[in-house]
>>> print(open('run.cif').read())   # mmCIF, C-alpha atoms
data_data
loop_
_atom_site.label_atom_id
_atom_site.label_comp_id
_atom_site.auth_asym_id
_atom_site.auth_seq_id
_atom_site.Cartn_x
_atom_site.Cartn_y
_atom_site.Cartn_z
CA MET A 19 6.32 -4.01 32.40
CA SER A 20 4.62 -0.75 31.39
CA LEU A 21 6.38 1.94 29.36
CA GLN A 22 6.46 4.20 32.43
CA GLN A 23 8.19 1.48 34.46
CA GLN A 24 10.73 0.87 31.70
CA LEU A 25 11.59 4.57 31.56
CA SER A 26 11.82 4.75 35.37
CA THR A 27 14.59 2.12 35.25
CA ILE A 28 16.48 4.41 32.87
CA PHE A 29 16.08 7.74 34.67
CA GLY A 30 15.68 6.46 38.26
CA HIS A 31 12.89 4.98 40.34
CA ASP A 32 12.48 8.29 42.22
CA ILE A 33 11.51 9.96 38.92
CA THR A 34 7.84 10.03 37.93
CA ILE A 35 7.09 9.44 34.26
CA ASP A 36 3.83 10.97 33.04
CA ILE A 37 2.94 9.96 29.46
CA LYS A 38 0.01 11.76 27.88
CA ARG A 39 -1.40 10.76 24.49
CA VAL A 40 -2.87 13.73 22.63
CA ILE A 41 -4.99 13.32 19.50
CA THR A 42 -4.08 16.75 18.06
CA LEU A 43 -0.33 16.39 18.67
CA LYS A 44 1.92 15.66 15.67
CA SER A 45 5.29 15.32 17.45
CA ILE A 46 6.59 14.37 20.89
CA ALA A 47 6.96 17.06 23.55
CA ILE A 48 9.00 16.57 26.73
CA LYS A 49 8.97 18.76 29.83
CA VAL A 50 10.93 18.20 33.04
CA GLN A 51 9.34 19.56 36.22
CA GLY A 52 11.44 18.77 39.28
CA LYS A 53 11.37 14.95 39.53
CA VAL A 54 8.54 14.58 37.02
CA ILE A 55 9.07 13.97 33.31
CA VAL A 56 5.94 14.91 31.36
CA ILE A 57 5.92 13.32 27.91
CA LYS A 58 3.17 14.28 25.44
CA VAL A 59 2.96 12.08 22.35
CA PRO A 60 0.69 11.69 19.32
CA PHE A 61 -2.26 9.50 20.30
CA PHE A 62 -1.51 6.55 17.98
CA LEU A 63 2.30 6.50 18.39
CA ASN A 64 3.42 3.02 19.52
CA ASN A 65 5.57 2.41 22.60
CA LYS A 66 8.65 1.37 20.63
CA SER A 67 8.65 4.67 18.71
CA ILE A 68 8.20 6.59 21.96
CA GLU A 69 11.19 4.79 23.50
CA GLU A 70 13.34 5.58 20.48
CA LEU A 71 12.42 9.27 20.54
CA ILE A 72 13.05 9.53 24.28
CA SER A 73 16.37 7.73 23.84
CA LYS A 74 17.47 10.48 21.46
CA LYS A 75 16.58 13.04 24.15
CA ASN A 76 18.29 11.05 26.93
CA ASN A 77 21.19 13.47 27.51
CA TRP A 78 18.93 16.53 27.43
CA ILE A 79 16.51 14.96 29.94
CA ARG A 80 19.35 13.98 32.30
CA LYS A 81 20.79 17.48 32.09
CA GLN A 82 17.38 18.97 32.96
CA LEU A 83 16.96 16.57 35.89
CA ASN A 84 20.42 17.46 37.19
CA THR A 85 19.82 21.20 36.85
CA GLN A 86 16.40 21.10 38.48
CA SER A 87 17.66 18.96 41.36
CA LYS A 88 19.55 22.09 42.48
CA PHE A 89 16.41 24.26 42.50
CA LYS A 90 15.20 25.48 45.87
CA LEU A 91 11.66 24.18 46.28
CA PHE A 92 8.70 26.02 47.71
CA LYS A 93 7.41 24.63 50.98
CA LYS A 94 3.66 25.01 51.30
CA LYS A 95 2.70 27.55 53.96
CA SER A 96 0.62 26.72 57.02
CA TYR A 97 -0.06 30.40 57.90
CA ILE A 98 0.92 30.09 61.54
CA SER A 99 2.93 32.44 63.73
CA ASP A 100 6.74 32.37 63.29
CA GLU A 101 6.45 30.96 59.77
CA LYS A 102 8.84 32.80 57.41
CA PHE A 103 7.77 34.97 54.48
CA LEU A 104 9.98 36.71 51.92
CA TYR A 105 9.64 40.39 51.05
CA LEU A 106 12.21 42.25 48.93
CA GLY A 107 14.75 39.49 49.58
CA ARG A 108 14.40 39.51 53.37
CA CYS A 109 12.78 36.91 55.61
CA TYR A 110 10.07 38.03 58.02
CA LYS A 111 8.37 35.94 60.69
CA LEU A 112 4.60 35.85 60.53
CA ARG A 113 2.84 37.19 63.60
CA ILE A 114 -0.93 36.72 63.71
CA ILE A 115 -2.85 39.04 66.05
CA GLY A 116 -6.57 39.02 66.80
CA ASP A 117 -8.11 42.38 65.96
CA LYS A 118 -11.44 43.87 64.87
CA LYS A 119 -9.87 45.25 61.67
CA ASN A 120 -7.97 43.17 59.10
CA SER A 121 -4.57 44.59 58.18
CA VAL A 122 -0.99 43.62 57.26
CA ASN A 123 2.23 45.53 57.92
CA ILE A 124 5.93 44.98 58.55
CA GLU A 125 7.34 45.83 61.97
CA GLY A 126 10.99 45.02 62.56
CA ASP A 127 11.54 41.37 61.67
CA PHE A 128 7.83 40.54 61.65
CA LEU A 129 5.07 40.42 59.08
CA LYS A 130 2.16 41.36 61.32
CA VAL A 131 -1.31 40.25 60.34
CA ASN A 132 -4.28 41.60 62.24
CA VAL A 133 -7.35 39.45 61.61
CA LYS A 134 -10.75 39.06 63.24
CA ASN A 135 -10.54 35.26 63.39
CA GLU A 136 -7.00 33.99 64.07
CA LYS A 137 -8.01 30.45 63.07
CA ASN A 138 -9.43 31.41 59.68
CA ILE A 139 -6.48 30.26 57.54
CA SER A 140 -8.16 31.02 54.19
CA LYS A 141 -8.87 34.60 55.32
CA ILE A 142 -5.31 35.07 56.58
CA LYS A 143 -3.95 33.81 53.25
CA LYS A 144 -6.30 36.10 51.33
CA ILE A 145 -5.35 39.29 53.15
CA ILE A 146 -1.62 38.45 52.98
CA LYS A 147 -1.86 37.91 49.22
CA GLU A 148 -3.81 41.16 48.80
CA TRP A 149 -1.09 42.98 50.75
CA PHE A 150 1.67 41.47 48.60
CA CYS A 151 -0.18 42.42 45.40
CA GLU A 152 -0.70 45.97 46.65
CA LYS A 153 2.95 46.35 47.63
CA SER A 154 4.01 44.82 44.31
CA PHE A 155 2.09 47.41 42.33
CA GLU A 156 3.43 50.30 44.44
CA TYR A 157 7.03 49.13 44.08
CA PHE A 158 6.95 48.18 40.39
CA ASN A 159 5.03 51.31 39.46
CA LYS A 160 7.60 53.63 41.05
CA GLU A 161 10.75 51.76 40.02
CA THR A 162 9.63 51.14 36.44
CA TYR A 163 8.55 54.71 35.79
CA ASP A 164 11.77 56.03 37.36
CA CYS A 165 13.87 53.74 35.15
CA ALA A 166 11.81 54.63 32.06
CA LYS A 167 12.23 58.33 32.72
CA LYS A 168 16.03 58.00 33.02
CA ASN A 169 16.13 56.20 29.68
CA ASN A 170 13.58 58.35 27.80
CA LEU A 171 11.09 55.51 27.38
CA ASP A 172 7.31 55.86 27.24
CA ILE A 173 5.14 53.45 29.21
CA LYS A 174 1.42 53.09 28.58
CA SER A 175 0.52 51.20 31.77
CA ILE A 176 1.88 49.03 34.57
CA LYS A 177 -0.02 46.12 36.13
CA VAL A 178 0.64 43.20 38.44
CA ARG A 179 -0.69 39.80 37.44
CA GLN A 180 -0.77 36.16 38.43
CA TYR A 181 1.68 34.31 36.15
CA LYS A 182 2.72 30.68 36.42
CA ALA A 183 5.80 30.67 34.24
CA ARG A 184 6.97 34.25 33.68
CA TRP A 185 8.08 37.23 35.74
CA GLY A 186 6.91 39.97 33.44
CA SER A 187 5.71 40.96 30.00
CA CYS A 188 5.69 44.00 27.74
CA SER A 189 3.21 44.55 24.91
CA ILE A 190 4.12 46.29 21.67
CA ASN A 191 2.07 49.27 22.92
CA GLY A 192 4.13 49.67 26.09
CA ASP A 193 1.78 47.92 28.53
CA ILE A 194 4.04 46.31 31.14
CA SER A 195 2.93 43.61 33.58
CA PHE A 196 4.82 41.98 36.44
CA ASN A 197 4.25 38.79 38.39
CA TRP A 198 3.18 39.94 41.86
CA ARG A 199 5.36 37.22 43.42
CA LEU A 200 8.48 39.01 42.19
CA ILE A 201 8.16 41.44 45.13
CA MET A 202 9.66 38.66 47.27
CA ALA A 203 12.96 38.73 45.34
CA PRO A 204 15.94 40.96 46.25
CA PRO A 205 15.75 44.49 44.76
CA LYS A 206 18.70 43.80 42.45
CA ILE A 207 16.87 40.86 40.87
CA ILE A 208 13.70 42.93 40.50
CA GLU A 209 15.78 45.61 38.80
CA TYR A 210 16.88 43.08 36.18
CA VAL A 211 13.28 42.08 35.38
CA ILE A 212 12.21 45.74 35.15
CA ILE A 213 15.05 46.51 32.74
CA HIS A 214 14.34 43.30 30.81
CA GLU A 215 10.74 44.40 30.17
CA LEU A 216 11.55 48.06 29.53
CA MET A 217 14.07 47.19 26.83
CA HIS A 218 11.29 45.46 24.91
CA ILE A 219 9.97 48.95 24.20
CA LYS A 220 13.13 49.47 22.13
CA GLU A 221 13.32 45.94 20.71
CA HIS A 222 10.21 43.75 20.91
CA ASN A 223 12.21 40.52 20.58
CA HIS A 224 15.18 38.73 22.13
CA SER A 225 17.70 39.53 19.42
CA SER A 226 21.38 40.27 20.09
CA LYS A 227 20.56 43.97 19.74
CA TYR A 228 17.92 43.64 22.46
CA TRP A 229 20.38 41.96 24.86
CA GLU A 230 22.89 44.75 24.17
CA HIS A 231 20.34 47.26 25.46
CA VAL A 232 19.74 45.16 28.60
CA ARG A 233 23.45 44.58 29.24
CA LEU A 234 24.18 48.29 28.99
CA LEU A 235 21.94 48.93 32.01
CA TYR A 236 22.38 45.58 33.76
CA PRO A 237 25.75 43.86 33.06
CA ASN A 238 25.12 40.86 35.38
CA ILE A 239 22.39 39.27 33.25
CA LYS A 240 23.66 35.71 33.74
CA GLU A 241 23.71 35.97 37.54
CA ALA A 242 20.17 37.37 37.65
CA LYS A 243 18.86 34.65 35.31
CA GLU A 244 20.50 31.90 37.36
CA TRP A 245 19.15 33.35 40.62
CA LEU A 246 15.60 33.33 39.25
CA MET A 247 16.04 29.85 37.83
CA HIS A 248 17.29 28.38 41.12
CA ASN A 249 15.20 30.41 43.56
CA GLY A 250 12.06 31.30 41.59
CA GLN A 251 9.96 28.54 43.11
CA THR A 252 10.54 29.93 46.61
CA LEU A 253 8.88 33.23 45.65
CA ASN A 254 5.42 32.23 46.77
CA ILE A 255 3.11 32.35 49.76
#
>>> encode(input="run.cif", output="structure tokens")
Amino acid sequence: MSLQQQLSTIFGHDITIDIKRVITLKSIAIKVQGKVIVIKVPFFLNNKSIEELISKKNNWIRKQLNTQSKFKLFKKKSYISDEKFLYLGRCYKLRIIGDKKNSVNIEGDFLKVNVKNEKNISKIKKIIKEWFCEKSFEYFNKETYDCAKKNNLDIKSIKVRQYKARWGSCSINGDISFNWRLIMAPPKIIEYVIIHELMHIKEHNHSSKYWEHVRLLYPNIKEAKEWLMHNGQTLNI
């Protein structure tokens, strides 16, 4: 029986165990992603040592599996009419319309996409993403500058970016970036991320003093964090 199979009997046969041996690694690193446990180990570490190290992390791994089992997962889009898309916390049905000019806009409960070729899925996806990125910049630019002005904070620039594992960032110079996908979250959640990044202008760390600044402007930190943790994967197109 392979090491992966042995570990599957411990954590469950529906759990995928991915063991990666890395020459440059000096210690074991474990990451839980949904129903996948990614285990990176030093290249020459024997199986018995790996088992022992994972055994010590057993409770932590089970806790992560339990927590992530409650996450709402993203369902890959097909880009067909009536499919649902999120924008500022609301669901809109996609409506694809043949037109000479490509455009995207919201009308009532619909996200209307005008496109030359209604069957060109890659083009439809491209123009929808471009629209989301454009709207993200407009929204984050206005809301962040408004919040900064109220709190006497200086911002150098605001950008939207493609991030895999973060919602925003703030450089020591006051350059603030947001994940464009955040525009799909409810405004109250976006407000938390904006405040989170702005307060790094005062404290460029996550010290207790930093969290005091955040809490003063946004008392419900825990609720916002939990919402992003459980729903973050659904903020995608």
>>> resolve_selection(input="run.cif", expression="the PyMOL selection byres ((chain A and resi 84) around 12)", output="PDB file with C-alpha atoms, in the frame of the given file")
ATOM      1  CA  PHE A  29      16.080   7.740  34.670  1.00  0.00           C
ATOM      2  CA  ILE A  33      11.510   9.960  38.920  1.00  0.00           C
ATOM      3  CA  VAL A  50      10.930  18.200  33.040  1.00  0.00           C
ATOM      4  CA  GLN A  51       9.340  19.560  36.220  1.00  0.00           C
ATOM      5  CA  GLY A  52      11.440  18.770  39.280  1.00  0.00           C
ATOM      6  CA  LYS A  53      11.370  14.950  39.530  1.00  0.00           C
ATOM      7  CA  ASN A  77      21.190  13.470  27.510  1.00  0.00           C
ATOM      8  CA  TRP A  78      18.930  16.530  27.430  1.00  0.00           C
ATOM      9  CA  ILE A  79      16.510  14.960  29.940  1.00  0.00           C
ATOM     10  CA  ARG A  80      19.350  13.980  32.300  1.00  0.00           C
ATOM     11  CA  LYS A  81      20.790  17.480  32.090  1.00  0.00           C
ATOM     12  CA  GLN A  82      17.380  18.970  32.960  1.00  0.00           C
ATOM     13  CA  LEU A  83      16.960  16.570  35.890  1.00  0.00           C
ATOM     14  CA  THR A  85      19.820  21.200  36.850  1.00  0.00           C
ATOM     15  CA  GLN A  86      16.400  21.100  38.480  1.00  0.00           C
ATOM     16  CA  SER A  87      17.660  18.960  41.360  1.00  0.00           C
ATOM     17  CA  LYS A  88      19.550  22.090  42.480  1.00  0.00           C
ATOM     18  CA  PHE A  89      16.410  24.260  42.500  1.00  0.00           C
TER      19      PHE A  89
END
>>> resolve_selection(input="run.cif", expression="the PyMOL selection byres ((chain A and resi 124) around 12)", output="compact mmCIF listing (two decimals) with C-alpha atoms, keeping the file's coordinate frame")
# COMPACT_ATOMS: atom_id res chain seq x y z
CA PHE A 103 7.77 34.97 54.48
CA LEU A 104 9.98 36.71 51.92
CA TYR A 105 9.64 40.39 51.05
CA LEU A 106 12.21 42.25 48.93
CA ARG A 108 14.40 39.51 53.37
CA CYS A 109 12.78 36.91 55.61
CA TYR A 110 10.07 38.03 58.02
CA LYS A 111 8.37 35.94 60.69
CA LEU A 112 4.60 35.85 60.53
CA ARG A 113 2.84 37.19 63.60
CA ILE A 114 -0.93 36.72 63.71
CA SER A 121 -4.57 44.59 58.18
CA VAL A 122 -0.99 43.62 57.26
CA ASN A 123 2.23 45.53 57.92
CA GLU A 125 7.34 45.83 61.97
CA GLY A 126 10.99 45.02 62.56
CA ASP A 127 11.54 41.37 61.67
CA PHE A 128 7.83 40.54 61.65
CA LEU A 129 5.07 40.42 59.08
CA LYS A 130 2.16 41.36 61.32
CA VAL A 131 -1.31 40.25 60.34
CA ASN A 132 -4.28 41.60 62.24
CA ILE A 146 -1.62 38.45 52.98
CA TRP A 149 -1.09 42.98 50.75
CA PHE A 150 1.67 41.47 48.60
CA LYS A 153 2.95 46.35 47.63
>>> axis_aligned_box(input="run.cif", around="range 48-53 of chain A", padding_each_side="6 Å", output="AutoDock Vina command-line options")
--center_x 10.2 --center_y 17.3 --center_z 33.1 --size_x 14.5 --size_y 16.6 --size_z 24.8
>>> residues_around(input="run.cif", residues="Glu152 in chain A", least_positions_apart="5", cutoff="10 Å", atoms="only C-alpha atoms", output="PDB file with C-alpha atoms, keeping the file's coordinate frame")
ATOM      1  CA  ILE A 146      -1.620  38.450  52.980  1.00  0.00           C
ATOM      2  CA  LYS A 147      -1.860  37.910  49.220  1.00  0.00           C
ATOM      3  CA  TYR A 157       7.030  49.130  44.080  1.00  0.00           C
ATOM      4  CA  VAL A 178       0.640  43.200  38.440  1.00  0.00           C
ATOM      5  CA  TRP A 198       3.180  39.940  41.860  1.00  0.00           C
TER       6      TRP A 198
END
>>> closest_residue(input="run.cif", among="A:Met202, A:Lys134, A:Leu63, A:Tyr210", to="Asn238 in chain A", atoms="only C-alpha atoms")
A:Tyr210
>>> resolve_selection(input="run.cif", expression="the PyMOL selection byres ((chain A and resi 135) around 10)", output="list in words")
Ile114, Ile115, Gly116, Asp117, Lys118, Asn120, Asn132, Val133, Lys134, Glu136, Lys137, Asn138, Ile139, Lys141 and Ile142 of chain A
>>> residues_around(input="run.cif", residues="range 169-174 of chain A", least_positions_apart="5", cutoff="8 Å", atoms="only C-alpha atoms", output="ChimeraX atom specification")
/A:163,191-194,216,219
>>> residues_around(input="run.cif", residues="Tyr181 in chain A", least_positions_apart="2", cutoff="9 Å", atoms="all atoms listed in the file", output="list in words")
Arg179, Ala183, Arg184, Trp185, Gly186, Phe196, Asn197, Trp198 and Arg199 of chain A
>>> atom_distance(input="run.cif", atom1="CA of Gln251 in chain A", atom2="CA of Lys49 in chain A")
16.5 Å
>>> atom_distance(input="run.cif", atom1="CA of Lys240 in chain A", atom2="CA of Thr252 in chain A")
19.3 Å
>>> atom_distance(input="run.cif", atom1="CA of Lys44 in chain A", atom2="CA of Lys74 in chain A")
17.4 Å
>>> residues_around(input="run.cif", residues="Leu43 in chain A", least_positions_apart="5", cutoff="10 Å", atoms="only C-alpha atoms", output="JSON, numbers by chain")
{"A": [58, 59, 60, 61, 62]}
>>> closest_residue(input="run.cif", among="A:Leu91, A:Leu21, A:Cys188, A:Ile57", to="Lys38 in chain A", atoms="only C-alpha atoms")
A:Ile57
>>> decode(input="run.cif", residues="range 169-200 of chain A", atoms="N, CA and C atoms", output="CSV table (one decimal), in the first residue's frame")
chain,number,residue,atom,x,y,z
A,169,ASN,N,-10.8,60.1,6.7
A,169,ASN,CA,-9.9,59.8,7.8
A,169,ASN,C,-8.5,60.4,7.6
A,170,ASN,N,-8.4,61.4,6.8
A,170,ASN,CA,-7.2,62.2,6.6
A,170,ASN,C,-6.0,61.3,6.2
A,171,LEU,N,-6.2,60.4,5.3
A,171,LEU,CA,-5.1,59.5,4.8
A,171,LEU,C,-4.8,59.8,3.4
A,172,ASP,N,-3.5,59.7,3.1
A,172,ASP,CA,-3.0,60.0,1.7
A,172,ASP,C,-2.8,58.7,1.0
A,173,ILE,N,-3.4,58.6,-0.2
A,173,ILE,CA,-3.2,57.5,-1.1
A,173,ILE,C,-2.4,57.9,-2.3
A,174,LYS,N,-1.4,57.0,-2.7
A,174,LYS,CA,-0.6,57.3,-3.9
A,174,LYS,C,-1.3,56.8,-5.1
A,175,SER,N,-1.8,55.6,-5.1
A,175,SER,CA,-2.5,55.1,-6.3
A,175,SER,C,-3.5,54.0,-5.9
A,176,ILE,N,-4.4,53.7,-6.8
A,176,ILE,CA,-5.4,52.6,-6.6
A,176,ILE,C,-5.4,51.8,-7.9
A,177,LYS,N,-5.3,50.5,-7.8
A,177,LYS,CA,-5.3,49.6,-9.0
A,177,LYS,C,-6.2,48.4,-8.7
A,178,VAL,N,-6.6,47.7,-9.7
A,178,VAL,CA,-7.2,46.4,-9.6
A,178,VAL,C,-6.3,45.4,-10.2
A,179,ARG,N,-6.2,44.2,-9.6
A,179,ARG,CA,-5.3,43.2,-10.0
A,179,ARG,C,-6.0,41.8,-10.0
A,180,GLN,N,-5.2,40.9,-10.6
A,180,GLN,CA,-5.7,39.5,-10.5
A,180,GLN,C,-4.9,38.8,-9.4
A,181,TYR,N,-5.5,38.5,-8.3
A,181,TYR,CA,-4.9,37.8,-7.2
A,181,TYR,C,-5.5,36.4,-7.0
A,182,LYS,N,-4.8,35.5,-6.6
A,182,LYS,CA,-5.3,34.1,-6.3
A,182,LYS,C,-5.7,34.0,-4.9
A,183,ALA,N,-4.9,34.5,-4.0
A,183,ALA,CA,-5.2,34.2,-2.6
A,183,ALA,C,-5.2,35.5,-1.7
A,184,ARG,N,-5.6,36.6,-2.2
A,184,ARG,CA,-5.7,37.8,-1.4
A,184,ARG,C,-6.8,38.7,-2.0
A,185,TRP,N,-7.4,39.6,-1.2
A,185,TRP,CA,-8.4,40.5,-1.7
A,185,TRP,C,-7.9,41.9,-1.9
A,186,GLY,N,-6.7,42.2,-1.3
A,186,GLY,CA,-6.1,43.5,-1.5
A,186,GLY,C,-4.7,43.6,-0.9
A,187,SER,N,-4.1,44.7,-1.2
A,187,SER,CA,-2.8,44.9,-0.6
A,187,SER,C,-2.5,46.4,-0.6
A,188,CYS,N,-1.6,46.8,0.3
A,188,CYS,CA,-1.2,48.2,0.5
A,188,CYS,C,0.3,48.3,0.7
A,189,SER,N,1.0,49.0,-0.2
A,189,SER,CA,2.4,49.2,-0.1
A,189,SER,C,2.8,50.2,1.0
A,190,ILE,N,4.0,50.2,1.4
A,190,ILE,CA,4.4,51.2,2.4
A,190,ILE,C,4.3,52.7,1.9
A,191,ASN,N,4.3,52.8,0.5
A,191,ASN,CA,4.2,54.1,-0.1
A,191,ASN,C,2.7,54.6,-0.3
A,192,GLY,N,1.8,53.7,0.0
A,192,GLY,CA,0.4,54.1,-0.1
A,192,GLY,C,-0.2,53.7,-1.4
A,193,ASP,N,0.4,52.7,-2.1
A,193,ASP,CA,-0.2,52.2,-3.4
A,193,ASP,C,-1.1,51.0,-2.9
A,194,ILE,N,-2.4,51.2,-3.3
A,194,ILE,CA,-3.4,50.2,-2.8
A,194,ILE,C,-3.9,49.4,-4.1
A,195,SER,N,-4.0,48.1,-3.9
A,195,SER,CA,-4.5,47.3,-5.0
A,195,SER,C,-5.6,46.4,-4.5
A,196,PHE,N,-6.6,46.1,-5.3
A,196,PHE,CA,-7.7,45.3,-4.9
A,196,PHE,C,-7.9,44.2,-6.0
A,197,ASN,N,-8.3,43.0,-5.5
A,197,ASN,CA,-8.7,41.9,-6.4
A,197,ASN,C,-10.0,42.3,-7.1
A,198,TRP,N,-9.9,42.3,-8.4
A,198,TRP,CA,-11.1,42.7,-9.2
A,198,TRP,C,-12.3,41.9,-8.9
A,199,ARG,N,-12.1,40.6,-8.4
A,199,ARG,CA,-13.3,39.7,-8.1
A,199,ARG,C,-14.1,40.2,-6.9
A,200,LEU,N,-13.5,41.1,-6.1
A,200,LEU,CA,-14.2,41.6,-4.9
A,200,LEU,C,-15.4,42.3,-5.2
